[in-house]
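Below is one structure; the comments refer to it alone.
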Amino acid sequence: MKILIIEDEERIANTIKKGLQAEHFTVDTVYDGQTGYDMASGEDYDVIVLDRMLPKVDGIEICKRLRKEGSIVPVLMLTAKSQTEDKVEGLNCGADDYLTKPFSFDELVARIRALARRPHHTTEPVLQVRDLTLNVSTSQVVRNHEIIALSHREFALLEYLLRNKNRVLSKDHIIEHVWEYEADILPNTVEVTMRNLRNKIEKPFPQDQEIIKTIRGFGYIITEHV
Ligand code: CA
C-alpha cells in the first residue's frame, strides 16, 4: 500500500515514514502544502496522512480541493489542537479520520489500515492465491504451510500483484505503486525484484505451479488458474 505524508515538521514526517516502511508500506513524504497538494492530486495513493497546519496551503484547504476534484482517497488529518470545533472543521472538509498530536504510532497504523479497508478499496486482511497467503496485518507470507521471509520491496510487489489479481500490470504501473516517487527506478529494477521474489515464492516449491506469470511485452499477472 502506498501512503503520502504531508507534514512540515520533518522530524515527525520522517519518523512516521520509517515506522510505516517497517510495516511494509511504501511511503512518500512532502513538507509543504503546495507540493503536498500537487502530489496528492497527481499520484495514486491508498491513504494520505495530512497535517492540519502547513506552510503555503493548509491541510483543510488541501482536503477541500481534493474532494472538489472528485478524489475519494482516504485522508487522515493530524493536528496539534484538540478542540472540538477543529475536529468538526477537519471532518467537514472531507477528511475521513482525525488524530490529535501527540499520538501513538500503533494507533496511527491501526487507523491507516482501517481507512484502507473502506469499501472502495478491495482490501482484505489476508490476500490469497492458491496455496499462498499474504497477511497484511501481520506482514506474513505463507505458502504450503511454510513461512517465507521477503524484503520490504518484494512484499510490496507481491501485495500489489495480489490486490490486482487477474489484471495484467505493466512495469510502469508497478513502479508507480511499489516504489517511492523520488526513487529513480529503471524497468530492469522491476525485473530484478521480480526474480528475487520468484526465487522465494516459487523456486522452493518445485512441485507447485508458478504464482506469477510473465506476459511478454505487457507485464505480469497473478491468476487463480494456471
Ligand atoms: Ca504543521
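As shown in the C-alpha cells, the chain order sets the letters A, B, ...; within each chain, residues go from 1, and ligands are also counted from 1 in the order they appear.
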For Glu154 of chain A, find every residue with an atom within 12 Å (counting only C-alpha atoms), except residues of its own chain fewer than 6 positions away, and show them as a compact mmCIF listing (two decimals) with C-alpha atoms, in the first residue's frame.
```
# COMPACT_ATOMS: atom_id res chain seq x y z
CA HIS A 24 5.75 -2.76 4.66
CA PHE A 25 4.06 0.39 3.42
CA THR A 26 5.56 2.39 0.54
CA LEU A 134 -0.18 -12.77 2.41
CA SER A 139 3.12 -8.98 7.24
CA VAL A 141 3.63 -14.66 3.71
CA ILE A 148 8.50 -17.09 3.55
CA TYR A 160 0.28 -5.14 -5.25
CA LEU A 161 0.01 -8.10 -7.62
CA ILE A 174 4.31 -1.44 -10.81
CA VAL A 178 5.55 -0.13 -5.37
CA TRP A 179 8.37 2.45 -5.33
CA THR A 189 14.91 -2.95 -11.29
CA VAL A 190 11.39 -4.38 -11.52
CA GLU A 191 12.77 -7.46 -13.29
CA VAL A 192 15.42 -7.98 -10.63
CA THR A 193 12.96 -7.59 -7.75
CA MET A 194 10.52 -9.88 -9.56
CA ARG A 195 13.22 -12.52 -10.00
CA ASN A 196 14.18 -12.35 -6.31
CA LEU A 197 10.52 -12.63 -5.31
CA ARG A 198 10.03 -15.67 -7.53
CA ASN A 199 13.14 -17.31 -6.14
CA LYS A 200 11.45 -17.16 -2.76
CA ILE A 201 7.82 -17.96 -3.53
```
* To do: Residues up to 7 Å from ligand 1, counting only C-alpha atoms and all ligand atoms: could you list those as an NGL selection string?
  => :A and (7-9 or 51-54)
* Please indicate the distance in Å from atom CA of Arg130 of chain A to atom CA of Glu202 of chain A, rounded to one decimal place. =>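 Between atom CA of Arg130 of chain A and atom CA of Glu202 of chain A the gap is 12.4 Å.
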* Asked: Looking only at the backbone, which of the residues in segment 32-81 of chain A does DSSP tag as helix (DSSP H, G or I), as a list in words?
  ->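 DSSP-assigned helix (DSSP H, G or I) residues in segment 32-81 of chain A: Gly33, Gln34, Thr35, Gly36, Tyr37, Asp38, Met39, Ala40, Ser41, Gly42, Gly59, Ile60, Glu61, Ile62, Cys63, Lys64, Arg65, Leu66, Arg67 and Lys68 of chain A.
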* So which one's closest to His177 of chain A, A:Glu159, A:Lys165, A:Val109, A:Val49? Using only C-alpha atoms, please. ->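 Of A:Glu159, A:Lys165, A:Val109, A:Val49, the one nearest His177 of chain A is A:Glu159, counting only C-alpha atoms.
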* Hey, what's within 6 Å of segment 66-78 of chain A if we count only C-alpha atoms and toss same-chain stuff fewer than 6 positions away? As a list in words, please? -> Val47, Ile48, Val49, Leu50, Asp51, Arg52, Ala95, Asp96, Asp97, Tyr98, Leu99 and Thr100 of chain A
I need the residues of segment 8-221 of chain A that end up classed as strand (DSSP E or B) by DSSP on the backbone, written out as a compact mmCIF listing (two decimals) with C-alpha atoms, in the first residue's frame.
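Saved file states-v2.txt follows:
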```
# COMPACT_ATOMS: atom_id res chain seq x y z
CA THR A 26 5.56 2.39 0.54
CA VAL A 27 5.79 5.98 1.73
CA ASP A 28 6.26 9.40 0.10
CA THR A 29 6.81 12.45 2.31
CA VAL A 30 6.45 16.14 1.46
CA VAL A 47 -4.16 6.76 2.16
CA ILE A 48 -2.99 10.35 2.75
CA VAL A 49 -1.75 11.44 6.18
CA LEU A 50 -2.33 15.19 6.20
CA ASP A 51 -1.13 17.69 8.77
CA VAL A 75 -7.49 11.22 4.33
CA LEU A 76 -6.28 11.01 7.93
CA MET A 77 -5.87 14.51 9.36
CA LEU A 78 -3.23 15.27 12.01
CA THR A 79 -3.44 18.23 14.32
CA ASP A 97 -10.50 10.44 10.24
CA TYR A 98 -8.72 12.63 12.74
CA LEU A 99 -5.74 12.12 15.05
CA THR A 100 -4.52 14.60 17.67
CA VAL A 126 -5.49 -11.79 4.05
CA LEU A 127 -4.81 -11.92 0.33
CA GLN A 128 -4.63 -15.34 -1.25
CA VAL A 129 -3.84 -17.15 -4.45
CA LEU A 132 -0.08 -18.82 -0.96
CA THR A 133 -1.37 -16.26 1.54
CA LEU A 134 -0.18 -12.77 2.41
CA ASN A 135 -1.45 -11.35 5.68
CA GLN A 140 3.39 -12.75 6.97
CA VAL A 141 3.63 -14.66 3.71
CA VAL A 142 2.93 -18.39 3.79
CA ARG A 143 2.98 -20.97 1.04
CA GLU A 146 5.88 -22.61 5.11
CA ILE A 147 6.59 -19.05 6.21
CA ILE A 148 8.50 -17.09 3.55
CA LEU A 169 0.21 -4.98 -14.58
CA ILE A 212 3.40 -15.02 -11.14
CA LYS A 213 3.02 -15.19 -14.88
CA THR A 214 5.02 -13.02 -17.26
CA ILE A 215 3.03 -11.71 -20.21
CA GLY A 219 3.85 -7.14 -17.81
CA TYR A 220 2.92 -9.52 -15.02
CA ILE A 221 -0.23 -11.18 -13.67
```
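Considering the residues A:His145, A:Arg113, A:Arg153, A:Lys101 and counting only C-alpha atoms, Phe205 of chain A has its shortest atom-to-atom contact with A:His145.
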* Mind checking which residues fall within 8 Å of Tyr45 of chain A, counting only C-alpha atoms, ignoring those fewer than 3 positions away in the same chain, and posting them as a ChimeraX atom specification? => /A:1-4,40,48,73
* Do you know which residues are at most 12 Å from Ser104 of chain A counting only C-alpha atoms, after dropping those on the same chain fewer than 5 positions away, and could you put them as a list in words? -> Thr15, Ile16, Gly19, Leu99, Val109, Ala110 and Arg111 of chain A
* **Among listed residues A:Thr138, A:Asn14, A:Cys63, A:Asp46, nearest Arg117 of chain A (using only C-alpha atoms)** =>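 Using only C-alpha atoms, Arg117 of chain A sits closest to A:Asp46.
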